[in-house]
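*Asks:* The structure under discussion is supplied below as structure tokens; questions concerning it will follow.
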Amino acid sequence: MSLRAARFLIVLALPLLALTPDEEKLTSLISADSMRGHVSFLASDLLEGRDTPSPGLEIAAEYIAAQYRRFGLQPLAGGTYFQLAPYSVMRQSMEGFRLVIEGGEQPLSIEPARAMMLSMTPGSFEAAGCVKVSLRQEDAELPAREMVEGKVVLLDAALFRTRAMAAKRDALLNLGAKLVIAPGFVMPGPRLTPGDGAPQDRSPMLITSDPAFRELIAPLADGPVSLRVSARLPEPERETVQLKNVIGVLPGSDPELSKTYVLISAHYDHVGVNPRVQGEDKIHNGANDDASGTAVMLELARAYALSGQRPKRTLVFAAWFGEEKGLLGARFYAQNPVFSLKNTVANLNFEHMGRTDDVEGAQIGRLTASGFDYTTLGDLLIEAGQATDVVAWKHERNSDAFFPRSDNQAFADQGVPAITLAVAWIFPDYHRPGDHWDLLDYDNMARVTRTCAVVVNRVAESEDIPKWVPRGDRNERYIEAWKKLTGGEGR
């Protein structure tokens with residue numbers, strides 16, 4: 001039997017749970033036009049791509065809070081829908097910037113447009129010695145302080161979106177290097193750091209998108225190298241801002257289960273305006289990424305409001321800031337939870353819910369998720385899809401690859417069963433100005449949102465809770481985090 005056939009039989013073997021009368025009513029209230037309205041506003045040019053921070057992001061936050069009020073969701077303590085997060089904004093002037101690496105076949109001069117500072121520390125130096133460091137795995141060992149202190153670190157590293165890799169990066173920056181340089185994607189706009197932006201005693205870090213830098217360091221062995229770096233790093237401008245997670249609550253109806261929570265979320269930010277883009281359209285409207293996920297989250301709240309239903313568990317609706325800057329809003333909540341993470345039974349996060357034109361083919365009537373088989377939520381998704389005429393499926397590569405790239409990661413790191421639901425993983429105009437509201441398939445969006453409503457309702461109504469399913473190295477650390485979170489016995 002082929003693997004495809006075996007999976008098909010497994011799906012057929014799952015018990016088909018017909019929709020309850022409450023689920024029938026809930027799903028009947030999902031409206032394509034309602035979500036079209038949300039997306040067309042959030043992804044309008046007026047909001048200029050909802051960068052974090054920006055006036056457009058502030059407008060989006062107020063809009064989402066207004067919808068919560070309209071739906072009758074309860075605010076947080078103090079009567080507000082905003083969880084405030086203090087961040088320091090650094091705007092790095094590149095006037096006078098200079099970075100030259102010598103000692104190779106020819107000097108490499110990094111252009112300012114291909115450089116991004118991630119620190120608050122200015123400085124200048126000439127012909128500093130270099131050491132190469134590789135940190136591509138979470139178990140990679142940090143170099144000894146005496147190897148890097150006073151040197152320029154040429155860092156070959158994986159993305160720093162996971163908590164473990166971010167911690168490893170921070171540990172490296174505390175070893176006294178003169179400067180750390182790493183290859184990566186350079187985004188225009190301000191940089192964000194938690195807190196008030198007071199200077200920290202750590203190494204400055206620079207990201208460069210120049211492919212010549214990656215080519216230069218790739219063949220080098222870890223340790224001291226013969227290259228030399230000269231640099232001039234201008235003084236940045238700093239200000240403190242209050243960023244906002246937007247949170248509304250539908251209290252549960254059961255005396256005991258109402259003390260547990262289902263977290264329903266999406267990020268409401270995008271990447272703003274890119275002046276480097278060629279052509280007239282420089283606004284990254286972010287309709288599918290992720291005004292669509294925000295619209296799904298709002299539509300689920302609206303359906304519950306119109307139905308008059310209150311499930312047994314409490315539903316927490318959350319719109320996160322700063323996902324595009326490194327899951328900032330979700331990580332802030334995970335470190336400063338409004339509602340106990342120990343009593344949060346699941347996080348259902350939504351991204352890329354409107355476009356069906358995946359680069360691998362049309363995704364009509366289909367719904368997938370990151371970490372699809374990491375938890376029992378995948379089985380619930382399949383069952384709900386069968387009851388609502390939607391195929392729930394796992395992408396063999398992207399389901400795992402996208403797990404650390406969305407806000408579910410912040411909660412999985414804490415042990416909460418968490419997935420991100422999506423229709424198209426990668427679509428034309430992904431992270432480009434062309435991601436406009438009128439390209440979304442709103443009828444299909446309503447169709448898959450009905451499936452999501454059934455999943456939410458079944459998690460919220462059941463006495464059973466979602467669980468991690470052992471998948472070896474892929475999710476072992478989340479299972480260990482769950483044991484730590486729940487004291488080893490679950491909830």
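We name chains A, B, ... following the order of the structure tokens; residues begin at 1 in each chain, and ligands are numbered from 1 as shown.
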Which residues are close to segment 475-481 of chain A, i.e. within 8 Å by only C-alpha atoms, leaving aside same-chain residues fewer than 4 positions away? Reply as a list in words.

*Replies:*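 In the requested format, the answer is Tyr374, Ala412, Asp413, Gln414, Gly415, Val416, Trp468, Pro470, Arg471 and Leu485 of chain A.
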
*Asks:* The selected residues should be written to file as a PDB file, in the first residue's frame (atoms: C-alpha atoms).

*Replies:*
ATOM      1  CA  TYR A 374       2.448  17.549  16.505  1.00  0.00           C
ATOM      2  CA  ALA A 412       4.711  25.917  21.971  1.00  0.00           C
ATOM      3  CA  ASP A 413       7.958  27.034  23.613  1.00  0.00           C
ATOM      4  CA  GLN A 414       5.990  27.320  26.861  1.00  0.00           C
ATOM      5  CA  GLY A 415       4.365  23.905  26.381  1.00  0.00           C
ATOM      6  CA  VAL A 416       0.912  25.026  25.201  1.00  0.00           C
ATOM      7  CA  TRP A 468       1.138  16.790  22.156  1.00  0.00           C
ATOM      8  CA  PRO A 470       5.364  12.385  20.272  1.00  0.00           C
ATOM      9  CA  ARG A 471       7.127  12.938  16.948  1.00  0.00           C
ATOM     10  CA  LEU A 485       4.207  23.825  32.611  1.00  0.00           C
TER      11      LEU A 485
END

*Asks:* Which residues, written as a ChimeraX atom specification, have at least one atom at most 8 Å from segment 425-441 of chain A, with only C-alpha atoms counted and residues fewer than 3 positions away on the same chain left out?

*Replies:* /A:36,39-40,43-44,271,281-289,352,354-359,398,422,444-445

*Asks:* Could you jot down the atom CA of Lys394 of chain A to atom CA of Leu377 of chain A separation for me, Å, one decimal place?

*Replies:*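 It comes out at 12.1 Å.
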
*Asks:* Return the single residue from A:Pro311, A:Gly184, A:Gly150, A:Gly103 that is closest to Phe125 of chain A, with distances computed using only C-alpha atoms.

*Replies:* A:Gly150

*Asks:* In Å, how far is it from atom CA of Met35 of chain A to atom CA of Ala295 of chain A?

*Replies:* 5.3 Å

*Asks:* Contacts between segment 166-181 of chain A and segment 132-160 of chain A, please, where a residue of segment 132-160 of chain A counts if it comes within 8 Å (with only C-alpha atoms); show its shortest atom pair and distance in Å to one decimal, rows by chain and ascending number, as a Markdown table.

*Replies:*
| residue | atom | partner | partner_atom | distance |
| --- | --- | --- | --- | --- |
| A:Glu138 | CA | A:Lys168 | CA | 7.8 |
| A:Leu142 | CA | A:Leu172 | CA | 6.8 |
| A:Pro143 | CA | A:Leu172 | CA | 8.0 |
| A:Arg145 | CA | A:Leu175 | CA | 5.2 |
| A:Val148 | CA | A:Ala177 | CA | 5.4 |
| A:Glu149 | CA | A:Gly176 | CA | 4.5 |
| A:Gly150 | CA | A:Lys178 | CA | 4.9 |
| A:Lys151 | CA | A:Ala177 | CA | 5.2 |
| A:Val152 | CA | A:Leu179 | CA | 4.8 |
| A:Val153 | CA | A:Val180 | CA | 4.6 |
| A:Leu154 | CA | A:Ile181 | CA | 5.2 |
| A:Leu155 | CA | A:Ile181 | CA | 5.8 |
| A:Phe160 | CA | A:Ala166 | CA | 5.0 |

*Asks:* Put those residues in a file: N, CA and C atoms, as a PDB file, in the first residue's frame.

*Replies:*
ATOM      1  N   GLU A 138      20.539  24.199  17.643  1.00  0.00           N
ATOM      2  CA  GLU A 138      20.259  24.636  19.009  1.00  0.00           C
ATOM      3  C   GLU A 138      21.258  24.057  20.008  1.00  0.00           C
ATOM      4  N   LEU A 142      28.777  27.424  22.240  1.00  0.00           N
ATOM      5  CA  LEU A 142      29.307  28.777  22.117  1.00  0.00           C
ATOM      6  C   LEU A 142      30.826  28.746  22.196  1.00  0.00           C
ATOM      7  N   PRO A 143      31.499  29.672  21.527  1.00  0.00           N
ATOM      8  CA  PRO A 143      32.959  29.742  21.658  1.00  0.00           C
ATOM      9  C   PRO A 143      33.352  30.256  23.035  1.00  0.00           C
ATOM     10  N   ARG A 145      35.064  32.728  25.706  1.00  0.00           N
ATOM     11  CA  ARG A 145      35.180  34.187  25.707  1.00  0.00           C
ATOM     12  C   ARG A 145      36.529  34.644  25.168  1.00  0.00           C
ATOM     13  N   VAL A 148      36.734  35.181  21.324  1.00  0.00           N
ATOM     14  CA  VAL A 148      36.012  36.234  20.608  1.00  0.00           C
ATOM     15  C   VAL A 148      36.181  37.620  21.211  1.00  0.00           C
ATOM     16  N   GLU A 149      36.635  37.704  22.448  1.00  0.00           N
ATOM     17  CA  GLU A 149      36.700  39.007  23.111  1.00  0.00           C
ATOM     18  C   GLU A 149      37.612  39.956  22.347  1.00  0.00           C
ATOM     19  N   GLY A 150      37.079  41.134  22.031  1.00  0.00           N
ATOM     20  CA  GLY A 150      37.846  42.136  21.313  1.00  0.00           C
ATOM     21  C   GLY A 150      37.966  41.887  19.824  1.00  0.00           C
ATOM     22  N   LYS A 151      37.361  40.822  19.322  1.00  0.00           N
ATOM     23  CA  LYS A 151      37.436  40.472  17.901  1.00  0.00           C
ATOM     24  C   LYS A 151      36.101  40.777  17.209  1.00  0.00           C
ATOM     25  N   VAL A 152      36.135  40.744  15.894  1.00  0.00           N
ATOM     26  CA  VAL A 152      34.909  40.797  15.097  1.00  0.00           C
ATOM     27  C   VAL A 152      34.485  39.364  14.805  1.00  0.00           C
ATOM     28  N   VAL A 153      33.266  39.014  15.185  1.00  0.00           N
ATOM     29  CA  VAL A 153      32.745  37.658  14.955  1.00  0.00           C
ATOM     30  C   VAL A 153      32.021  37.622  13.615  1.00  0.00           C
ATOM     31  N   LEU A 154      32.448  36.739  12.734  1.00  0.00           N
ATOM     32  CA  LEU A 154      31.766  36.473  11.475  1.00  0.00           C
ATOM     33  C   LEU A 154      30.861  35.278  11.734  1.00  0.00           C
ATOM     34  N   LEU A 155      29.577  35.534  11.875  1.00  0.00           N
ATOM     35  CA  LEU A 155      28.652  34.539  12.402  1.00  0.00           C
ATOM     36  C   LEU A 155      27.896  33.830  11.282  1.00  0.00           C
ATOM     37  N   PHE A 160      16.927  33.285  14.010  1.00  0.00           N
ATOM     38  CA  PHE A 160      16.849  33.392  15.461  1.00  0.00           C
ATOM     39  C   PHE A 160      15.405  33.513  15.946  1.00  0.00           C
TER      40      PHE A 160
END

*Asks:* Could you give me the residues within segment 352-434 of chain A that DSSP places in helix (DSSP H, G or I), as a list in words?

*Replies:*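 For segment 352-434 of chain A, the helix (DSSP H, G or I) set is Leu377, Gly378, Asp379, Leu380, Leu381, Ile382, Glu383, Ala384, Gly385, Gln386, Ala387, Thr388, Asn398, Ser399, Asp400, Ala401, Phe403, Pro404, Arg405, Asn408, Gln409, Ala410, Phe411 and Ala412 of chain A.
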
*Asks:* Could you list, as a PyMOL selection string, every residue within 12 Å of Thr27 of chain A, counting only C-alpha atoms and ignoring same-chain residues fewer than 4 positions away?

*Replies:* chain A and resi 19-23+31-32+299-304+306-307+384+387-388+446-457

*Asks:* List every residue of segment 263-484 of chain A that DSSP, applied to the backbone of this structure, places in strand (DSSP E or B), and write the result as a ChimeraX atom specification.

*Replies:* /A:263-267,272-273,283-284,314-320,344-350,357-358,361-362,366-369,375,391-392,418-422,468

*Asks:* Take the residues from that selection and put them in a file with C-alpha atoms, as a short mmCIF file (atom, residue, chain, number, x, y, z; two decimals), in the first residue's frame.

*Replies:*
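Okay, this is what ended up in part-v3.cif:
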data_model
loop_
_atom_site.label_atom_id
_atom_site.label_comp_id
_atom_site.auth_asym_id
_atom_site.auth_seq_id
_atom_site.Cartn_x
_atom_site.Cartn_y
_atom_site.Cartn_z
CA LEU A 263 -6.45 31.23 22.81
CA ILE A 264 -7.60 32.32 19.33
CA SER A 265 -5.08 34.60 17.66
CA ALA A 266 -3.57 36.27 14.61
CA HIS A 267 -0.99 38.99 14.04
CA GLY A 272 5.02 48.79 6.19
CA VAL A 273 6.37 50.88 3.32
CA ILE A 283 3.15 49.80 0.41
CA HIS A 284 3.23 46.22 1.66
CA THR A 314 -13.31 30.81 28.13
CA LEU A 315 -12.33 32.07 24.69
CA VAL A 316 -9.50 34.62 24.53
CA PHE A 317 -9.26 36.53 21.23
CA ALA A 318 -5.84 38.11 20.68
CA ALA A 319 -4.33 40.19 17.87
CA TRP A 320 -0.53 40.34 18.15
CA THR A 344 -4.53 27.58 28.42
CA VAL A 345 -5.50 24.33 26.73
CA ALA A 346 -4.65 25.35 23.16
CA ASN A 347 -3.60 28.17 20.87
CA LEU A 348 -5.26 28.29 17.44
CA ASN A 349 -3.44 30.93 15.39
CA PHE A 350 -4.45 32.07 11.88
CA ASP A 357 -3.33 30.61 -5.31
CA ASP A 358 -0.51 28.75 -3.59
CA GLY A 361 -1.43 24.91 -7.00
CA ALA A 362 -4.93 26.04 -6.10
CA ARG A 366 -8.43 22.83 1.69
CA LEU A 367 -6.96 23.78 5.06
CA THR A 368 -3.58 22.98 6.56
CA ALA A 369 -1.62 23.84 9.69
CA THR A 375 -0.76 17.60 18.56
CA VAL A 391 -9.99 18.72 3.23
CA ALA A 392 -7.58 19.13 6.14
CA ALA A 418 -0.32 25.44 19.51
CA ILE A 419 -0.72 25.44 15.73
CA THR A 420 -1.11 28.00 12.96
CA LEU A 421 -3.89 27.30 10.47
CA ALA A 422 -3.45 28.40 6.85
CA TRP A 468 1.14 16.79 22.16
#
